[in-house]
Amino acid sequence: VLKLGNSKLLNAIIESIQDVKGHNIVTVDMTGLDERVCDYFVICEGNTNTQVDAITDSVDEKVKKSVGEDPFAIQGRENDEWVALDYGDIMVHIFQPEARAFYDLEHLWADADINAIADDY
């Protein structure tokens with residue numbers, strides 16, 4: 001788990017994704033960019049609608065329990081192909097593989113510091 005700025009929230013997000021076997025986790029550190037929408041993206045995948053939904057619930061519940069923060073917004077639950085949770089400084093993006101490949105957020109923010117987190121299962 002990373003030890004970065006806002007690390008308690010970031011670590012809780014990563015752990016909650018790993019708890020339900022979310023995979024291909026990447027953090028995108030945008031703190032060095034002038035034109036940024038937040039400080040970090042956390043991007044991961046779930047293989048099915050059900051797994052994306054489970055990852056979303058895990059992040060929401062674990063972050064609330066361990067850090068005491070609720071997301072400002074959750075978008076995408078109606079189809080569970082791409083769900084975004086907004087924690088202000090950190091945006092969590094949970095994709096099914098096809099949607100992740102299509103939107104390719106890592107490429108859009110390629111000038112940021114991108115770190116892959118090893119799957120822990």
# chains A, B, ... in the order shown; residues from 1 in each chain; ligands from 1
>>> select_by_dssp(residues="range 27-101 of chain A", states="strand (DSSP E or B)", output="list of chain:residue names")
A:Thr27, A:Val28, A:Asp29, A:Tyr40, A:Phe41, A:Val42, A:Ile43, A:Cys44, A:Glu45, A:Ala73, A:Ile74, A:Gln75, A:Trp82, A:Val83, A:Ala84, A:Leu85, A:Asp86, A:Ile90, A:Met91, A:Val92, A:His93, A:Ile94, A:Phe95
>>> closest_residue(among="A:Val52, A:Ile13, A:Val26, A:Val37", to="Val67 in chain A", atoms="only C-alpha atoms")
A:Ile13
>>> residues_around(residues="range 95-101 of chain A", least_positions_apart="5", cutoff="12 Å", atoms="only C-alpha atoms", output="VMD selection string")
chain A and resid 17 22 to 26 42 to 56 75 to 77 79 to 85 106 to 108
>>> atom_distance(atom1="CA of Asn11 in chain A", atom2="CA of Phe102 in chain A")
26.9 Å
>>> select_by_dssp(residues="range 19-90 of chain A", states="helix (DSSP H, G or I)", output="list in words")
Asp19, Asn49, Thr50, Gln51, Val52, Asp53, Ala54, Ile55, Thr56, Asp57, Ser58, Val59, Asp60, Glu61, Lys62, Val63, Lys64, Lys65 and Ser66 of chain A
>>> write_last_selection(atoms="C-alpha atoms", output="PDB file, in the first residue's frame")
ATOM      1  CA  ASP A  19     -10.784  -6.772  -0.095  1.00  0.00           C
ATOM      2  CA  ASN A  49     -21.498  -5.557 -13.046  1.00  0.00           C
ATOM      3  CA  THR A  50     -21.778  -7.479  -9.781  1.00  0.00           C
ATOM      4  CA  GLN A  51     -18.069  -7.116  -8.983  1.00  0.00           C
ATOM      5  CA  VAL A  52     -18.018  -3.401  -9.882  1.00  0.00           C
ATOM      6  CA  ASP A  53     -21.009  -2.957  -7.567  1.00  0.00           C
ATOM      7  CA  ALA A  54     -19.252  -4.903  -4.788  1.00  0.00           C
ATOM      8  CA  ILE A  55     -16.079  -2.814  -5.155  1.00  0.00           C
ATOM      9  CA  THR A  56     -18.148   0.381  -5.015  1.00  0.00           C
ATOM     10  CA  ASP A  57     -19.884  -0.784  -1.824  1.00  0.00           C
ATOM     11  CA  SER A  58     -16.574  -1.872  -0.284  1.00  0.00           C
ATOM     12  CA  VAL A  59     -14.910   1.497  -0.936  1.00  0.00           C
ATOM     13  CA  ASP A  60     -17.926   3.441   0.344  1.00  0.00           C
ATOM     14  CA  GLU A  61     -18.286   1.346   3.515  1.00  0.00           C
ATOM     15  CA  LYS A  62     -14.602   0.894   4.428  1.00  0.00           C
ATOM     16  CA  VAL A  63     -13.705   4.544   3.890  1.00  0.00           C
ATOM     17  CA  LYS A  64     -16.701   5.610   5.968  1.00  0.00           C
ATOM     18  CA  LYS A  65     -15.732   3.177   8.751  1.00  0.00           C
ATOM     19  CA  SER A  66     -11.946   3.697   8.799  1.00  0.00           C
TER      20      SER A  66
END
>>> closest_residue(among="A:Tyr103, A:Asn115, A:Leu10, A:Asp120", to="Glu69 in chain A", atoms="only C-alpha atoms")
A:Leu10
>>> residues_around(residues="Val28 in chain A", least_positions_apart="2", cutoff="6 Å", atoms="only C-alpha atoms", output="PyMOL selection string")
chain A and resi 40-41+113-114
>>> atom_distance(atom1="CA of Met30 in chain A", atom2="CA of Trp109 in chain A")
8.0 Å
>>> decode(residues="range 101-116 of chain A", atoms="all heavy atoms", output="mmCIF file, in the first residue's frame")
data_model
loop_
_atom_site.group_PDB
_atom_site.id
_atom_site.type_symbol
_atom_site.label_atom_id
_atom_site.label_comp_id
_atom_site.auth_asym_id
_atom_site.auth_seq_id
_atom_site.Cartn_x
_atom_site.Cartn_y
_atom_site.Cartn_z
ATOM 1 N N ALA A 101 -10.584 0.265 -21.083
ATOM 2 C CA ALA A 101 -9.791 0.367 -22.316
ATOM 3 C C ALA A 101 -10.309 1.500 -23.201
ATOM 4 O O ALA A 101 -9.517 2.250 -23.793
ATOM 5 C CB ALA A 101 -9.817 -0.961 -23.063
ATOM 6 N N PHE A 102 -11.623 1.662 -23.269
ATOM 7 C CA PHE A 102 -12.221 2.696 -24.113
ATOM 8 C C PHE A 102 -11.880 4.102 -23.607
ATOM 9 O O PHE A 102 -11.467 4.963 -24.380
ATOM 10 C CB PHE A 102 -13.737 2.513 -24.190
ATOM 11 C CG PHE A 102 -14.416 3.534 -25.046
ATOM 12 C CD1 PHE A 102 -14.414 3.401 -26.431
ATOM 13 C CD2 PHE A 102 -15.049 4.634 -24.485
ATOM 14 C CE1 PHE A 102 -15.025 4.354 -27.241
ATOM 15 C CE2 PHE A 102 -15.668 5.586 -25.285
ATOM 16 C CZ PHE A 102 -15.655 5.448 -26.662
ATOM 17 N N TYR A 103 -12.052 4.345 -22.322
ATOM 18 C CA TYR A 103 -11.829 5.695 -21.779
ATOM 19 C C TYR A 103 -10.365 5.983 -21.506
ATOM 20 O O TYR A 103 -9.954 7.142 -21.518
ATOM 21 C CB TYR A 103 -12.684 5.920 -20.524
ATOM 22 C CG TYR A 103 -14.146 6.005 -20.866
ATOM 23 C CD1 TYR A 103 -14.997 4.950 -20.614
ATOM 24 C CD2 TYR A 103 -14.673 7.136 -21.488
ATOM 25 C CE1 TYR A 103 -16.346 5.011 -20.947
ATOM 26 C CE2 TYR A 103 -16.009 7.213 -21.829
ATOM 27 C CZ TYR A 103 -16.842 6.147 -21.558
ATOM 28 O OH TYR A 103 -18.157 6.217 -21.889
ATOM 29 N N ASP A 104 -9.558 4.977 -21.220
ATOM 30 C CA ASP A 104 -8.099 5.071 -21.132
ATOM 31 C C ASP A 104 -7.621 6.286 -20.320
ATOM 32 O O ASP A 104 -6.840 7.100 -20.803
ATOM 33 C CB ASP A 104 -7.521 5.093 -22.554
ATOM 34 C CG ASP A 104 -6.039 4.792 -22.578
ATOM 35 O OD1 ASP A 104 -5.492 4.323 -21.556
ATOM 36 O OD2 ASP A 104 -5.409 5.048 -23.623
ATOM 37 N N LEU A 105 -8.122 6.396 -19.098
ATOM 38 C CA LEU A 105 -7.774 7.547 -18.258
ATOM 39 C C LEU A 105 -6.281 7.664 -18.006
ATOM 40 O O LEU A 105 -5.750 8.774 -17.921
ATOM 41 C CB LEU A 105 -8.501 7.467 -16.911
ATOM 42 C CG LEU A 105 -10.010 7.625 -16.932
ATOM 43 C CD1 LEU A 105 -10.551 7.631 -15.508
ATOM 44 C CD2 LEU A 105 -10.438 8.883 -17.654
ATOM 45 N N GLU A 106 -5.595 6.532 -17.890
ATOM 46 C CA GLU A 106 -4.146 6.597 -17.668
ATOM 47 C C GLU A 106 -3.445 7.333 -18.802
ATOM 48 O O GLU A 106 -2.522 8.108 -18.569
ATOM 49 C CB GLU A 106 -3.547 5.190 -17.534
ATOM 50 C CG GLU A 106 -3.950 4.443 -16.288
ATOM 51 C CD GLU A 106 -5.115 3.492 -16.482
ATOM 52 O OE1 GLU A 106 -6.007 3.775 -17.330
ATOM 53 O OE2 GLU A 106 -5.170 2.475 -15.786
ATOM 54 N N HIS A 107 -3.895 7.111 -20.044
ATOM 55 C CA HIS A 107 -3.284 7.790 -21.186
ATOM 56 C C HIS A 107 -3.606 9.289 -21.165
ATOM 57 O O HIS A 107 -2.760 10.121 -21.487
ATOM 58 C CB HIS A 107 -3.756 7.159 -22.503
ATOM 59 C CG HIS A 107 -3.127 7.770 -23.703
ATOM 60 N ND1 HIS A 107 -3.766 8.687 -24.481
ATOM 61 C CD2 HIS A 107 -1.896 7.613 -24.229
ATOM 62 C CE1 HIS A 107 -2.960 9.076 -25.454
ATOM 63 N NE2 HIS A 107 -1.826 8.443 -25.337
ATOM 64 N N LEU A 108 -4.834 9.622 -20.777
ATOM 65 C CA LEU A 108 -5.218 11.039 -20.723
ATOM 66 C C LEU A 108 -4.377 11.824 -19.724
ATOM 67 O O LEU A 108 -4.118 13.008 -19.906
ATOM 68 C CB LEU A 108 -6.695 11.177 -20.337
ATOM 69 C CG LEU A 108 -7.722 10.777 -21.378
ATOM 70 C CD1 LEU A 108 -9.120 10.872 -20.785
ATOM 71 C CD2 LEU A 108 -7.606 11.657 -22.611
ATOM 72 N N TRP A 109 -3.951 11.159 -18.637
ATOM 73 C CA TRP A 109 -3.157 11.802 -17.598
ATOM 74 C C TRP A 109 -1.736 11.242 -17.581
ATOM 75 O O TRP A 109 -1.108 11.112 -16.538
ATOM 76 C CB TRP A 109 -3.833 11.622 -16.234
ATOM 77 C CG TRP A 109 -5.164 12.293 -16.195
ATOM 78 C CD1 TRP A 109 -6.384 11.727 -16.387
ATOM 79 C CD2 TRP A 109 -5.412 13.679 -15.971
ATOM 80 N NE1 TRP A 109 -7.378 12.675 -16.300
ATOM 81 C CE2 TRP A 109 -6.809 13.880 -16.039
ATOM 82 C CE3 TRP A 109 -4.586 14.777 -15.722
ATOM 83 C CZ2 TRP A 109 -7.394 15.136 -15.866
ATOM 84 C CZ3 TRP A 109 -5.169 16.020 -15.549
ATOM 85 C CH2 TRP A 109 -6.556 16.193 -15.622
ATOM 86 N N ALA A 110 -1.198 10.920 -18.767
ATOM 87 C CA ALA A 110 0.105 10.264 -18.873
ATOM 88 C C ALA A 110 1.247 11.109 -18.320
ATOM 89 O O ALA A 110 2.297 10.567 -17.963
ATOM 90 C CB ALA A 110 0.383 9.884 -20.324
ATOM 91 N N ASP A 111 1.067 12.424 -18.215
ATOM 92 C CA ASP A 111 2.131 13.275 -17.672
ATOM 93 C C ASP A 111 2.113 13.301 -16.138
ATOM 94 O O ASP A 111 2.971 13.917 -15.518
ATOM 95 C CB ASP A 111 2.052 14.694 -18.241
ATOM 96 C CG ASP A 111 0.670 15.306 -18.181
ATOM 97 O OD1 ASP A 111 -0.312 14.569 -17.948
ATOM 98 O OD2 ASP A 111 0.561 16.530 -18.375
ATOM 99 N N ALA A 112 1.180 12.597 -15.524
ATOM 100 C CA ALA A 112 1.137 12.463 -14.061
ATOM 101 C C ALA A 112 2.013 11.284 -13.642
ATOM 102 O O ALA A 112 2.484 10.502 -14.472
ATOM 103 C CB ALA A 112 -0.299 12.237 -13.610
ATOM 104 N N ASP A 113 2.214 11.137 -12.344
ATOM 105 C CA ASP A 113 2.990 10.027 -11.791
ATOM 106 C C ASP A 113 2.045 8.842 -11.600
ATOM 107 O O ASP A 113 1.172 8.874 -10.731
ATOM 108 C CB ASP A 113 3.618 10.468 -10.461
ATOM 109 C CG ASP A 113 4.519 9.412 -9.861
ATOM 110 O OD1 ASP A 113 4.928 8.490 -10.589
ATOM 111 O OD2 ASP A 113 4.800 9.510 -8.654
ATOM 112 N N ILE A 114 2.208 7.807 -12.422
ATOM 113 C CA ILE A 114 1.304 6.661 -12.416
ATOM 114 C C ILE A 114 2.003 5.468 -11.766
ATOM 115 O O ILE A 114 3.127 5.130 -12.132
ATOM 116 C CB ILE A 114 0.847 6.325 -13.855
ATOM 117 C CG1 ILE A 114 0.085 7.516 -14.436
ATOM 118 C CG2 ILE A 114 -0.004 5.065 -13.861
ATOM 119 C CD1 ILE A 114 -0.313 7.382 -15.887
ATOM 120 N N ASN A 115 1.323 4.863 -10.793
ATOM 121 C CA ASN A 115 1.887 3.718 -10.068
ATOM 122 C C ASN A 115 0.901 2.562 -10.077
ATOM 123 O O ASN A 115 -0.249 2.726 -9.672
ATOM 124 C CB ASN A 115 2.169 4.094 -8.608
ATOM 125 C CG ASN A 115 3.212 5.174 -8.487
ATOM 126 O OD1 ASN A 115 4.367 4.950 -8.793
ATOM 127 N ND2 ASN A 115 2.793 6.369 -8.082
ATOM 128 N N ALA A 116 1.378 1.392 -10.489
ATOM 129 C CA ALA A 116 0.562 0.193 -10.455
ATOM 130 C C ALA A 116 0.684 -0.448 -9.069
ATOM 131 O O ALA A 116 1.770 -0.474 -8.487
ATOM 132 C CB ALA A 116 1.010 -0.796 -11.526
#
